[in-house]
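Participant: Take a look at protein02.cif, mmCIF, C-alpha atoms:
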data_input
#
loop_
_atom_site.group_PDB
_atom_site.id
_atom_site.type_symbol
_atom_site.label_atom_id
_atom_site.label_comp_id
_atom_site.auth_asym_id
_atom_site.auth_seq_id
_atom_site.Cartn_x
_atom_site.Cartn_y
_atom_site.Cartn_z
ATOM 1 C CA GLY H 1 0.000 0.000 0.000
ATOM 2 C CA GLN H 2 0.897 3.639 -0.022
ATOM 3 C CA GLN H 3 3.544 4.667 2.448
ATOM 4 C CA VAL H 4 5.931 7.491 3.179
ATOM 5 C CA MET H 5 9.558 7.270 4.242
ATOM 6 C CA GLN H 6 10.623 9.788 6.877
ATOM 7 C CA ILE H 7 14.286 10.539 7.618
ATOM 8 C CA PRO H 8 16.282 10.778 9.736
ATOM 9 C CA GLN H 9 14.923 8.700 12.583
ATOM 10 C CA TYR H 10 16.759 10.838 15.128
ATOM 11 C CA GLN H 11 18.580 14.155 14.991
ATOM 12 C CA HIS H 12 20.740 15.468 17.803
ATOM 13 C CA VAL H 13 21.419 19.207 17.673
ATOM 14 C CA GLN H 14 22.892 21.844 19.910
ATOM 15 C CA GLU H 15 20.381 24.456 20.979
ATOM 16 C CA GLY H 16 20.478 27.187 18.359
ATOM 17 C CA GLU H 17 21.345 24.864 15.486
ATOM 18 C CA ASP H 18 18.928 24.121 12.679
ATOM 19 C CA PHE H 19 16.887 20.919 12.247
ATOM 20 C CA THR H 20 15.382 19.361 9.148
ATOM 21 C CA THR H 21 13.226 16.286 8.604
ATOM 22 C CA TYR H 22 12.211 14.873 5.227
ATOM 23 C CA CYS H 23 9.337 12.790 3.972
ATOM 24 C CA ASN H 24 9.548 10.948 0.668
ATOM 25 C CA SER H 25 6.950 9.004 -1.276
ATOM 26 C CA SER H 26 7.229 6.921 -4.427
ATOM 27 C CA THR H 27 3.775 8.085 -5.507
ATOM 28 C CA THR H 28 2.237 11.515 -5.908
ATOM 29 C CA LEU H 29 0.518 12.731 -2.770
ATOM 30 C CA SER H 30 -2.680 14.765 -2.741
ATOM 31 C CA ASN H 31 -1.648 16.515 0.436
ATOM 32 C CA ILE H 32 0.689 16.233 3.401
ATOM 33 C CA GLN H 33 0.279 17.130 7.039
ATOM 34 C CA TRP H 34 2.851 17.683 9.752
ATOM 35 C CA TYR H 35 2.313 16.898 13.417
ATOM 36 C CA LYS H 36 4.464 17.366 16.528
ATOM 37 C CA GLN H 37 4.406 15.029 19.499
ATOM 38 C CA ARG H 38 6.134 16.128 22.678
ATOM 39 C CA PRO H 39 7.618 13.405 24.912
ATOM 40 C CA GLY H 40 4.767 11.714 26.747
ATOM 41 C CA GLY H 41 2.224 13.747 24.810
ATOM 42 C CA HIS H 42 -0.089 13.275 21.867
ATOM 43 C CA PRO H 43 0.298 14.404 18.247
ATOM 44 C CA VAL H 44 -0.595 18.034 17.609
ATOM 45 C CA PHE H 45 -1.449 19.258 14.117
ATOM 46 C CA LEU H 46 0.975 21.822 12.737
ATOM 47 C CA ILE H 47 0.043 22.370 9.096
ATOM 48 C CA GLN H 48 -1.338 20.923 5.869
ATOM 49 C CA LEU H 49 0.214 21.455 2.418
ATOM 50 C CA VAL H 50 -1.747 20.731 -0.743
ATOM 51 C CA LYS H 51 -0.194 22.673 -3.635
ATOM 52 C CA SER H 52 2.825 21.702 -5.723
ATOM 53 C CA GLY H 53 5.877 23.673 -4.588
ATOM 54 C CA GLU H 54 4.014 25.147 -1.641
ATOM 55 C CA VAL H 55 6.066 26.788 1.124
ATOM 56 C CA LYS H 56 4.545 27.853 4.415
ATOM 57 C CA LYS H 57 6.163 29.401 7.459
ATOM 58 C CA GLN H 58 5.219 29.423 11.101
ATOM 59 C CA LYS H 59 7.723 31.566 13.016
ATOM 60 C CA ARG H 60 10.942 29.477 12.962
ATOM 61 C CA LEU H 61 9.311 26.536 11.146
ATOM 62 C CA THR H 62 9.358 26.292 7.335
ATOM 63 C CA PHE H 63 7.329 23.615 5.552
ATOM 64 C CA GLN H 64 7.804 22.706 1.898
ATOM 65 C CA PHE H 65 5.910 20.469 -0.511
ATOM 66 C CA GLY H 66 7.894 19.341 -3.532
ATOM 67 C CA GLU H 67 7.090 20.307 -7.100
ATOM 68 C CA ALA H 68 6.219 16.706 -7.936
ATOM 69 C CA LYS H 69 4.233 16.349 -4.694
ATOM 70 C CA LYS H 70 6.304 13.323 -3.751
ATOM 71 C CA ASN H 71 8.343 14.840 -0.946
ATOM 72 C CA SER H 72 8.090 17.331 1.850
ATOM 73 C CA SER H 73 10.345 18.848 4.463
ATOM 74 C CA LEU H 74 10.105 20.624 7.779
ATOM 75 C CA HIS H 75 12.958 22.956 8.719
ATOM 76 C CA ILE H 76 13.375 24.564 12.133
ATOM 77 C CA THR H 77 15.747 27.520 12.392
ATOM 78 C CA ALA H 78 17.694 28.073 15.621
ATOM 79 C CA THR H 79 16.168 25.263 17.659
ATOM 80 C CA GLN H 80 14.997 25.876 21.191
ATOM 81 C CA THR H 81 14.305 23.441 24.029
ATOM 82 C CA THR H 82 10.600 23.845 23.381
ATOM 83 C CA ASP H 83 11.106 22.258 19.953
ATOM 84 C CA VAL H 84 12.030 18.886 21.472
ATOM 85 C CA GLY H 85 9.747 16.082 20.378
ATOM 86 C CA THR H 86 8.951 13.832 17.439
ATOM 87 C CA TYR H 87 7.822 15.340 14.159
ATOM 88 C CA PHE H 88 5.552 13.234 11.963
ATOM 89 C CA CYS H 89 4.466 13.694 8.404
ATOM 90 C CA ALA H 90 1.213 12.123 7.274
ATOM 91 C CA PHE H 91 -0.778 12.059 4.064
ATOM 92 C CA SER H 92 -4.312 11.229 3.104
ATOM 93 C CA ALA H 93 -4.470 8.063 1.013
ATOM 94 C CA SER H 94 -7.023 7.390 -1.698
ATOM 95 C CA ASN H 95 -9.425 5.900 0.856
ATOM 96 C CA TYR H 96 -8.993 9.022 3.036
ATOM 97 C CA GLN H 97 -7.008 7.064 5.594
ATOM 98 C CA LEU H 98 -4.200 9.134 7.087
ATOM 99 C CA ILE H 99 -0.899 7.319 6.557
ATOM 100 C CA TRP H 100 1.842 8.331 8.971
ATOM 101 C CA GLY H 101 5.580 8.400 8.660
ATOM 102 C CA ALA H 102 7.699 6.876 11.410
ATOM 103 C CA GLY H 103 8.677 10.290 12.741
ATOM 104 C CA THR H 104 11.922 12.141 13.360
ATOM 105 C CA LYS H 105 12.906 12.661 16.961
ATOM 106 C CA LEU H 106 14.540 16.008 17.697
ATOM 107 C CA ILE H 107 16.940 15.809 20.615
ATOM 108 C CA ILE H 108 18.722 18.840 22.028
ATOM 109 C CA LYS H 109 22.227 18.028 23.250
ATOM 110 C CA PRO H 110 22.856 19.107 26.860
ATOM 111 C CA GLU B 111 -13.365 24.735 23.964
ATOM 112 C CA ALA B 112 -12.713 21.342 25.532
ATOM 113 C CA GLY B 113 -10.394 19.030 23.678
ATOM 114 C CA VAL B 114 -10.758 15.323 23.028
ATOM 115 C CA VAL B 115 -11.293 13.502 26.306
ATOM 116 C CA GLN B 116 -10.150 9.950 26.904
ATOM 117 C CA SER B 117 -10.378 7.658 29.877
ATOM 118 C CA PRO B 118 -8.752 5.955 31.572
ATOM 119 C CA ARG B 119 -5.298 7.480 31.079
ATOM 120 C CA TYR B 120 -3.554 4.323 32.225
ATOM 121 C CA LYS B 121 -4.681 0.728 32.470
ATOM 122 C CA ILE B 122 -2.788 -2.345 33.645
ATOM 123 C CA ILE B 123 -4.408 -5.722 33.143
ATOM 124 C CA GLU B 124 -3.417 -9.349 32.958
ATOM 125 C CA LYS B 125 -3.529 -11.140 29.641
ATOM 126 C CA LYS B 126 -6.859 -12.664 28.658
ATOM 127 C CA GLN B 127 -8.743 -9.984 30.604
ATOM 128 C CA PRO B 128 -11.102 -7.584 28.832
ATOM 129 C CA VAL B 129 -10.489 -3.847 28.691
ATOM 130 C CA ALA B 130 -12.433 -0.853 27.411
ATOM 131 C CA PHE B 131 -11.434 2.662 26.478
ATOM 132 C CA TRP B 132 -13.723 5.649 26.195
ATOM 133 C CA CYS B 133 -13.445 8.753 24.040
ATOM 134 C CA ASN B 134 -15.468 11.957 23.868
ATOM 135 C CA PRO B 135 -14.532 13.963 20.778
ATOM 136 C CA ILE B 136 -14.638 17.714 20.373
ATOM 137 C CA SER B 137 -18.237 18.888 20.188
ATOM 138 C CA GLY B 138 -19.492 19.036 16.622
ATOM 139 C CA HIS B 139 -16.709 16.921 15.154
ATOM 140 C CA ASN B 140 -18.147 14.443 12.689
ATOM 141 C CA THR B 141 -15.189 12.121 12.248
ATOM 142 C CA LEU B 142 -13.681 10.050 15.049
ATOM 143 C CA TYR B 143 -10.592 7.871 14.902
ATOM 144 C CA TRP B 144 -9.047 5.240 17.093
ATOM 145 C CA TYR B 145 -5.313 4.774 16.675
ATOM 146 C CA LEU B 146 -2.755 2.482 18.219
ATOM 147 C CA GLN B 147 0.733 3.863 18.819
ATOM 148 C CA ASN B 148 3.717 1.751 19.758
ATOM 149 C CA LEU B 149 6.818 3.335 21.255
ATOM 150 C CA GLY B 150 8.925 5.108 18.671
ATOM 151 C CA GLN B 151 6.387 4.700 15.895
ATOM 152 C CA GLY B 152 3.684 6.717 14.264
ATOM 153 C CA PRO B 153 -0.002 6.170 14.985
ATOM 154 C CA GLU B 154 -1.701 3.285 13.183
ATOM 155 C CA LEU B 155 -5.387 3.603 12.396
ATOM 156 C CA LEU B 156 -7.686 1.005 13.930
ATOM 157 C CA ILE B 157 -11.061 2.405 12.934
ATOM 158 C CA ARG B 158 -12.595 5.592 11.581
ATOM 159 C CA TYR B 159 -16.170 6.734 12.122
ATOM 160 C CA GLU B 160 -18.078 9.310 10.168
ATOM 161 C CA ASN B 161 -20.905 10.216 12.495
ATOM 162 C CA GLU B 162 -22.118 6.846 13.758
ATOM 163 C CA GLU B 163 -20.943 4.811 10.764
ATOM 164 C CA ALA B 164 -17.682 2.871 10.804
ATOM 165 C CA VAL B 165 -16.331 3.730 7.352
ATOM 166 C CA ASP B 166 -12.859 2.229 7.691
ATOM 167 C CA ASP B 167 -12.227 -0.696 10.030
ATOM 168 C CA SER B 168 -9.886 -2.630 7.782
ATOM 169 C CA GLN B 169 -7.059 -2.474 10.331
ATOM 170 C CA LEU B 170 -9.145 -3.524 13.327
ATOM 171 C CA PRO B 171 -8.379 -7.089 14.537
ATOM 172 C CA LYS B 172 -11.997 -8.091 14.674
ATOM 173 C CA ASP B 173 -11.457 -11.357 16.481
ATOM 174 C CA ARG B 174 -10.669 -9.475 19.691
ATOM 175 C CA PHE B 175 -11.290 -5.776 19.094
ATOM 176 C CA SER B 176 -14.662 -4.077 18.836
ATOM 177 C CA ALA B 177 -15.756 -0.474 18.771
ATOM 178 C CA GLU B 178 -18.943 1.515 18.766
ATOM 179 C CA ARG B 179 -19.979 5.122 18.400
ATOM 180 C CA LEU B 180 -23.565 5.311 19.519
ATOM 181 C CA LYS B 181 -25.455 8.445 18.460
ATOM 182 C CA GLY B 182 -22.386 9.649 16.600
ATOM 183 C CA VAL B 183 -20.805 11.305 19.621
ATOM 184 C CA ASP B 184 -18.639 9.445 22.109
ATOM 185 C CA SER B 185 -17.072 6.104 21.392
ATOM 186 C CA THR B 186 -15.749 3.021 23.136
ATOM 187 C CA LEU B 187 -13.032 0.630 22.025
ATOM 188 C CA LYS B 188 -12.935 -2.812 23.594
ATOM 189 C CA ILE B 189 -10.377 -5.594 23.603
ATOM 190 C CA GLN B 190 -11.440 -9.067 24.677
ATOM 191 C CA PRO B 191 -9.338 -10.954 25.491
ATOM 192 C CA ALA B 192 -6.212 -8.807 25.739
ATOM 193 C CA GLU B 193 -2.871 -10.227 24.670
ATOM 194 C CA LEU B 194 0.655 -9.224 25.654
ATOM 195 C CA GLY B 195 1.201 -7.635 22.242
ATOM 196 C CA ASP B 196 -1.698 -5.240 22.795
ATOM 197 C CA SER B 197 0.417 -3.144 25.165
ATOM 198 C CA ALA B 198 0.537 0.283 23.541
ATOM 199 C CA VAL B 199 -0.975 3.747 23.692
ATOM 200 C CA TYR B 200 -4.492 3.948 22.305
ATOM 201 C CA LEU B 201 -5.223 7.367 20.879
ATOM 202 C CA CYS B 202 -8.580 8.823 19.989
ATOM 203 C CA ALA B 203 -8.782 11.733 17.575
ATOM 204 C CA SER B 204 -11.534 13.731 15.942
ATOM 205 C CA SER B 205 -11.843 16.093 13.036
ATOM 206 C CA LEU B 206 -14.560 18.534 12.113
ATOM 207 C CA GLY B 207 -15.060 17.561 8.512
ATOM 208 C CA LEU B 208 -15.895 14.435 6.617
ATOM 209 C CA ALA B 209 -13.554 12.650 4.235
ATOM 210 C CA GLY B 210 -12.480 14.803 1.324
ATOM 211 C CA GLY B 211 -13.569 18.029 2.976
ATOM 212 C CA PRO B 212 -11.263 20.943 3.754
ATOM 213 C CA SER B 213 -11.019 20.403 7.507
ATOM 214 C CA TYR B 214 -10.913 16.621 7.409
ATOM 215 C CA ASN B 215 -7.177 16.179 7.710
ATOM 216 C CA GLU B 216 -6.709 18.402 10.774
ATOM 217 C CA GLN B 217 -7.069 15.840 13.495
ATOM 218 C CA PHE B 218 -7.252 16.694 17.182
ATOM 219 C CA PHE B 219 -5.903 14.033 19.485
ATOM 220 C CA GLY B 220 -6.789 13.094 23.013
ATOM 221 C CA PRO B 221 -4.121 12.338 25.632
ATOM 222 C CA GLY B 222 -4.350 8.602 24.971
ATOM 223 C CA THR B 223 -4.716 5.528 27.171
ATOM 224 C CA ARG B 224 -1.515 3.691 27.965
ATOM 225 C CA LEU B 225 -2.353 -0.011 28.175
ATOM 226 C CA THR B 226 0.001 -2.482 29.803
ATOM 227 C CA VAL B 227 -0.852 -6.158 29.509
ATOM 228 C CA LEU B 228 1.022 -8.408 31.955
#
Using the file provided, produce a representation of the structure as structure tokens.
Facilitator:
Amino acid sequence: GQQVMQIPQYQHVQEGEDFTTYCNSSTTLSNIQWYKQRPGGHPVFLIQLVKSGEVKKQKRLTFQFGEAKKNSSLHITATQTTDVGTYFCAFSASNYQLIWGAGTKLIIKP
Amino acid sequence: EAGVVQSPRYKIIEKKQPVAFWCNPISGHNTLYWYLQNLGQGPELLIRYENEEAVDDSQLPKDRFSAERLKGVDSTLKIQPAELGDSAVYLCASSLGLAGGPSYNEQFFGPGTRLTVL
């Protein structure tokens, strides 16, 4: 079935460094969503992208949807301790089921 | 506005025992989801309701899992009997819209029920 590959699985950064996670699909996606899950918490919706080449920003977060609608990225500039958590991409499959990536865990080095 | 409410937050049971989880979605939300999340993984859909109708239960292990959403509002998920491999977090989520609509993909999650089967 349809699936999305999310990389890396983990990323360790110093506070103030940038962070990027990528989602890649072998098939064209109709849309992609990004969620954040804090440690011990539940997923929280961040954004949805639907247009080819779309770029959206939320403060230090930049979300991109590829021209071919087969990949997406989330970039965080100058990470802060509040950014710690796991970032998931998800897309709506043809049967409207939301298919989730495995997530990228952002870890701030002490 | 109250968020998605789930209970209990934690449950510890012995294998072969039954267990039930309850979810009250955000008021007015038409679509309700039950997910299972294992440690270090993304949520996996168990069942999706649109109003009171189960429209996607293809991932629900029907030999031991059952769910209902009476009157299209709150929902219960039951496991009987529980197995060791059922230990996980069970998440309930809701979204305002129906499939294909503009607000469908923005899902609001409850805090989850952490199930431990001994």
Participant: Could the centre and edge lengths of an axis-aligned box, enclosing all atoms of stretch 21-29 of chain H in the file with 6 Å extra on each side, be given in Å to one decimal as AutoDock Vina command-line options?
Facilitator:
--center_x 6.9 --center_y 11.6 --center_z 1.3 --size_x 24.7 --size_y 21.4 --size_z 26.5
Participant: Please expand the PyMOL selection byres ((chain B) within 7 of (chain H)) into the concrete residues it hits in this file, giving the result as a ChimeraX atom specification.
Facilitator: /B:151-153,209-210,216-221
Participant: Only C-alpha atoms, please: the residues just picked out, written as an mmCIF file, in the frame of the given file.
Facilitator:
data_model
loop_
_atom_site.group_PDB
_atom_site.id
_atom_site.type_symbol
_atom_site.label_atom_id
_atom_site.label_comp_id
_atom_site.auth_asym_id
_atom_site.auth_seq_id
_atom_site.Cartn_x
_atom_site.Cartn_y
_atom_site.Cartn_z
ATOM 1 C CA GLN B 151 6.387 4.700 15.895
ATOM 2 C CA GLY B 152 3.684 6.717 14.264
ATOM 3 C CA PRO B 153 -0.002 6.170 14.985
ATOM 4 C CA ALA B 209 -13.554 12.650 4.235
ATOM 5 C CA GLY B 210 -12.480 14.803 1.324
ATOM 6 C CA GLU B 216 -6.709 18.402 10.774
ATOM 7 C CA GLN B 217 -7.069 15.840 13.495
ATOM 8 C CA PHE B 218 -7.252 16.694 17.182
ATOM 9 C CA PHE B 219 -5.903 14.033 19.485
ATOM 10 C CA GLY B 220 -6.789 13.094 23.013
ATOM 11 C CA PRO B 221 -4.121 12.338 25.632
#
Participant: When you draw a straight line from atom CA of H:Thr28 to atom CA of H:Gly1, how long is it in Å?
Facilitator: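 Between atom CA of H:Thr28 and atom CA of H:Gly1 the gap works out to 13.1 Å.
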Participant: Expanded to explicit residues, what is the PyMOL selection byres ((chain B and resi 184) around 12) for this file, as number ranges by chain?
Facilitator: B: 114-117, 131-144, 159-162, 177-183, 185-187, 202-204
Participant: Go through the shown structure with the PyMOL selection byres ((chain B and resi 188) around 6) and write out the matching residues as number ranges by chain.
Facilitator: B: 129-130, 175-176, 187, 189
Participant: What is the atom CA of B:Tyr120 to atom CA of B:Ser197 distance in Å?
Facilitator: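 It comes out at 11.0 Å.
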Participant: Using all atoms listed in the file, which of the listed residues (H:Ala78, H:Val84, H:Leu61, H:Ala93) sits closest to H:Tyr10?
Facilitator: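 With all atoms listed in the file as the atom set, the closest residue is H:Val84.
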Participant: For the point (5.6, 23.9, 8.1) in the file's frame, write as a CSV table (one decimal) with C-alpha atoms, in the frame of the given file all residues with an atom no more than 10 Å away, counting all atoms listed in the file.
Facilitator:
chain,number,residue,atom,x,y,z
H,33,GLN,CA,0.3,17.1,7.0
H,34,TRP,CA,2.9,17.7,9.8
H,35,TYR,CA,2.3,16.9,13.4
H,46,LEU,CA,1.0,21.8,12.7
H,47,ILE,CA,0.0,22.4,9.1
H,48,GLN,CA,-1.3,20.9,5.9
H,49,LEU,CA,0.2,21.5,2.4
H,54,GLU,CA,4.0,25.1,-1.6
H,55,VAL,CA,6.1,26.8,1.1
H,56,LYS,CA,4.5,27.9,4.4
H,57,LYS,CA,6.2,29.4,7.5
H,58,GLN,CA,5.2,29.4,11.1
H,59,LYS,CA,7.7,31.6,13.0
H,60,ARG,CA,10.9,29.5,13.0
H,61,LEU,CA,9.3,26.5,11.1
H,62,THR,CA,9.4,26.3,7.3
H,63,PHE,CA,7.3,23.6,5.6
H,64,GLN,CA,7.8,22.7,1.9
H,65,PHE,CA,5.9,20.5,-0.5
H,72,SER,CA,8.1,17.3,1.8
H,73,SER,CA,10.3,18.8,4.5
H,74,LEU,CA,10.1,20.6,7.8
H,75,HIS,CA,13.0,23.0,8.7
H,76,ILE,CA,13.4,24.6,12.1
Participant: Using the incomplete input, complete stretch 44-55 of chain H to the level of all heavy atoms; output as a PDB file, in the frame of the given file.
Facilitator:
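Here's the written file out-v4.pdb:
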ATOM      1  N   VAL H  44       0.082  16.749  17.774  1.00  0.00           N
ATOM      2  CA  VAL H  44      -0.595  18.034  17.609  1.00  0.00           C
ATOM      3  C   VAL H  44      -0.392  18.503  16.177  1.00  0.00           C
ATOM      4  O   VAL H  44       0.734  18.554  15.687  1.00  0.00           O
ATOM      5  CB  VAL H  44      -0.048  19.089  18.589  1.00  0.00           C
ATOM      6  CG1 VAL H  44      -0.676  20.453  18.311  1.00  0.00           C
ATOM      7  CG2 VAL H  44      -0.308  18.670  20.035  1.00  0.00           C
ATOM      8  N   PHE H  45      -1.475  18.822  15.520  1.00  0.00           N
ATOM      9  CA  PHE H  45      -1.449  19.258  14.117  1.00  0.00           C
ATOM     10  C   PHE H  45      -0.676  20.559  13.990  1.00  0.00           C
ATOM     11  O   PHE H  45      -0.888  21.510  14.751  1.00  0.00           O
ATOM     12  CB  PHE H  45      -2.889  19.438  13.635  1.00  0.00           C
ATOM     13  CG  PHE H  45      -3.023  19.968  12.229  1.00  0.00           C
ATOM     14  CD1 PHE H  45      -2.951  19.115  11.145  1.00  0.00           C
ATOM     15  CD2 PHE H  45      -3.237  21.321  12.010  1.00  0.00           C
ATOM     16  CE1 PHE H  45      -3.100  19.601   9.851  1.00  0.00           C
ATOM     17  CE2 PHE H  45      -3.393  21.820  10.722  1.00  0.00           C
ATOM     18  CZ  PHE H  45      -3.325  20.955   9.642  1.00  0.00           C
ATOM     19  N   LEU H  46       0.239  20.592  13.015  1.00  0.00           N
ATOM     20  CA  LEU H  46       0.975  21.822  12.737  1.00  0.00           C
ATOM     21  C   LEU H  46       0.456  22.503  11.471  1.00  0.00           C
ATOM     22  O   LEU H  46       0.155  23.701  11.483  1.00  0.00           O
ATOM     23  CB  LEU H  46       2.471  21.513  12.563  1.00  0.00           C
ATOM     24  CG  LEU H  46       3.210  20.989  13.798  1.00  0.00           C
ATOM     25  CD1 LEU H  46       4.653  20.636  13.436  1.00  0.00           C
ATOM     26  CD2 LEU H  46       3.160  22.012  14.924  1.00  0.00           C
ATOM     27  N   ILE H  47       0.368  21.741  10.369  1.00  0.00           N
ATOM     28  CA  ILE H  47       0.043  22.370   9.096  1.00  0.00           C
ATOM     29  C   ILE H  47      -0.343  21.322   8.062  1.00  0.00           C
ATOM     30  O   ILE H  47      -0.001  20.147   8.217  1.00  0.00           O
ATOM     31  CB  ILE H  47       1.256  23.193   8.589  1.00  0.00           C
ATOM     32  CG1 ILE H  47       0.819  24.362   7.706  1.00  0.00           C
ATOM     33  CG2 ILE H  47       2.275  22.308   7.861  1.00  0.00           C
ATOM     34  CD1 ILE H  47       1.877  25.420   7.575  1.00  0.00           C
ATOM     35  N   GLN H  48      -1.064  21.767   7.032  1.00  0.00           N
ATOM     36  CA  GLN H  48      -1.338  20.923   5.869  1.00  0.00           C
ATOM     37  C   GLN H  48      -0.855  21.649   4.621  1.00  0.00           C
ATOM     38  O   GLN H  48      -1.084  22.846   4.470  1.00  0.00           O
ATOM     39  CB  GLN H  48      -2.832  20.609   5.748  1.00  0.00           C
ATOM     40  CG  GLN H  48      -3.171  19.839   4.469  1.00  0.00           C
ATOM     41  CD  GLN H  48      -4.607  19.392   4.392  1.00  0.00           C
ATOM     42  OE1 GLN H  48      -4.887  18.217   4.593  1.00  0.00           O
ATOM     43  NE2 GLN H  48      -5.515  20.301   4.101  1.00  0.00           N
ATOM     44  N   LEU H  49      -0.216  20.925   3.706  1.00  0.00           N
ATOM     45  CA  LEU H  49       0.214  21.455   2.418  1.00  0.00           C
ATOM     46  C   LEU H  49      -0.515  20.687   1.332  1.00  0.00           C
ATOM     47  O   LEU H  49      -0.645  19.459   1.417  1.00  0.00           O
ATOM     48  CB  LEU H  49       1.726  21.295   2.234  1.00  0.00           C
ATOM     49  CG  LEU H  49       2.611  21.896   3.333  1.00  0.00           C
ATOM     50  CD1 LEU H  49       4.065  21.492   3.117  1.00  0.00           C
ATOM     51  CD2 LEU H  49       2.483  23.404   3.372  1.00  0.00           C
ATOM     52  N   VAL H  50      -0.997  21.405   0.320  1.00  0.00           N
ATOM     53  CA  VAL H  50      -1.747  20.731  -0.743  1.00  0.00           C
ATOM     54  C   VAL H  50      -1.258  21.087  -2.148  1.00  0.00           C
ATOM     55  O   VAL H  50      -1.519  20.349  -3.096  1.00  0.00           O
ATOM     56  CB  VAL H  50      -3.262  21.027  -0.649  1.00  0.00           C
ATOM     57  CG1 VAL H  50      -3.834  20.473   0.637  1.00  0.00           C
ATOM     58  CG2 VAL H  50      -3.536  22.516  -0.767  1.00  0.00           C
ATOM     59  N   LYS H  51      -0.570  22.206  -2.297  1.00  0.00           N
ATOM     60  CA  LYS H  51      -0.194  22.673  -3.635  1.00  0.00           C
ATOM     61  C   LYS H  51       1.256  22.307  -3.969  1.00  0.00           C
ATOM     62  O   LYS H  51       2.139  22.357  -3.118  1.00  0.00           O
ATOM     63  CB  LYS H  51      -0.352  24.182  -3.728  1.00  0.00           C
ATOM     64  CG  LYS H  51      -1.777  24.664  -3.548  1.00  0.00           C
ATOM     65  CD  LYS H  51      -1.840  26.182  -3.602  1.00  0.00           C
ATOM     66  CE  LYS H  51      -3.241  26.690  -3.342  1.00  0.00           C
ATOM     67  NZ  LYS H  51      -3.290  28.168  -3.304  1.00  0.00           N
ATOM     68  N   SER H  52       1.484  21.985  -5.225  1.00  0.00           N
ATOM     69  CA  SER H  52       2.825  21.702  -5.723  1.00  0.00           C
ATOM     70  C   SER H  52       3.738  22.888  -5.456  1.00  0.00           C
ATOM     71  O   SER H  52       3.382  24.035  -5.765  1.00  0.00           O
ATOM     72  CB  SER H  52       2.748  21.427  -7.221  1.00  0.00           C
ATOM     73  OG  SER H  52       4.020  21.382  -7.805  1.00  0.00           O
ATOM     74  N   GLY H  53       4.898  22.624  -4.845  1.00  0.00           N
ATOM     75  CA  GLY H  53       5.877  23.673  -4.588  1.00  0.00           C
ATOM     76  C   GLY H  53       5.525  24.604  -3.440  1.00  0.00           C
ATOM     77  O   GLY H  53       6.206  25.602  -3.221  1.00  0.00           O
ATOM     78  N   GLU H  54       4.489  24.262  -2.716  1.00  0.00           N
ATOM     79  CA  GLU H  54       4.014  25.147  -1.641  1.00  0.00           C
ATOM     80  C   GLU H  54       5.049  25.278  -0.531  1.00  0.00           C
ATOM     81  O   GLU H  54       5.691  24.299  -0.157  1.00  0.00           O
ATOM     82  CB  GLU H  54       2.697  24.617  -1.086  1.00  0.00           C
ATOM     83  CG  GLU H  54       1.981  25.558  -0.132  1.00  0.00           C
ATOM     84  CD  GLU H  54       0.564  25.103   0.181  1.00  0.00           C
ATOM     85  OE1 GLU H  54       0.221  23.938  -0.124  1.00  0.00           O
ATOM     86  OE2 GLU H  54      -0.198  25.916   0.739  1.00  0.00           O
ATOM     87  N   VAL H  55       5.205  26.495  -0.020  1.00  0.00           N
ATOM     88  CA  VAL H  55       6.066  26.788   1.124  1.00  0.00           C
ATOM     89  C   VAL H  55       5.255  27.591   2.127  1.00  0.00           C
ATOM     90  O   VAL H  55       4.633  28.593   1.767  1.00  0.00           O
ATOM     91  CB  VAL H  55       7.323  27.592   0.720  1.00  0.00           C
ATOM     92  CG1 VAL H  55       8.173  27.911   1.963  1.00  0.00           C
ATOM     93  CG2 VAL H  55       8.159  26.843  -0.309  1.00  0.00           C
TER      94      VAL H  55
END
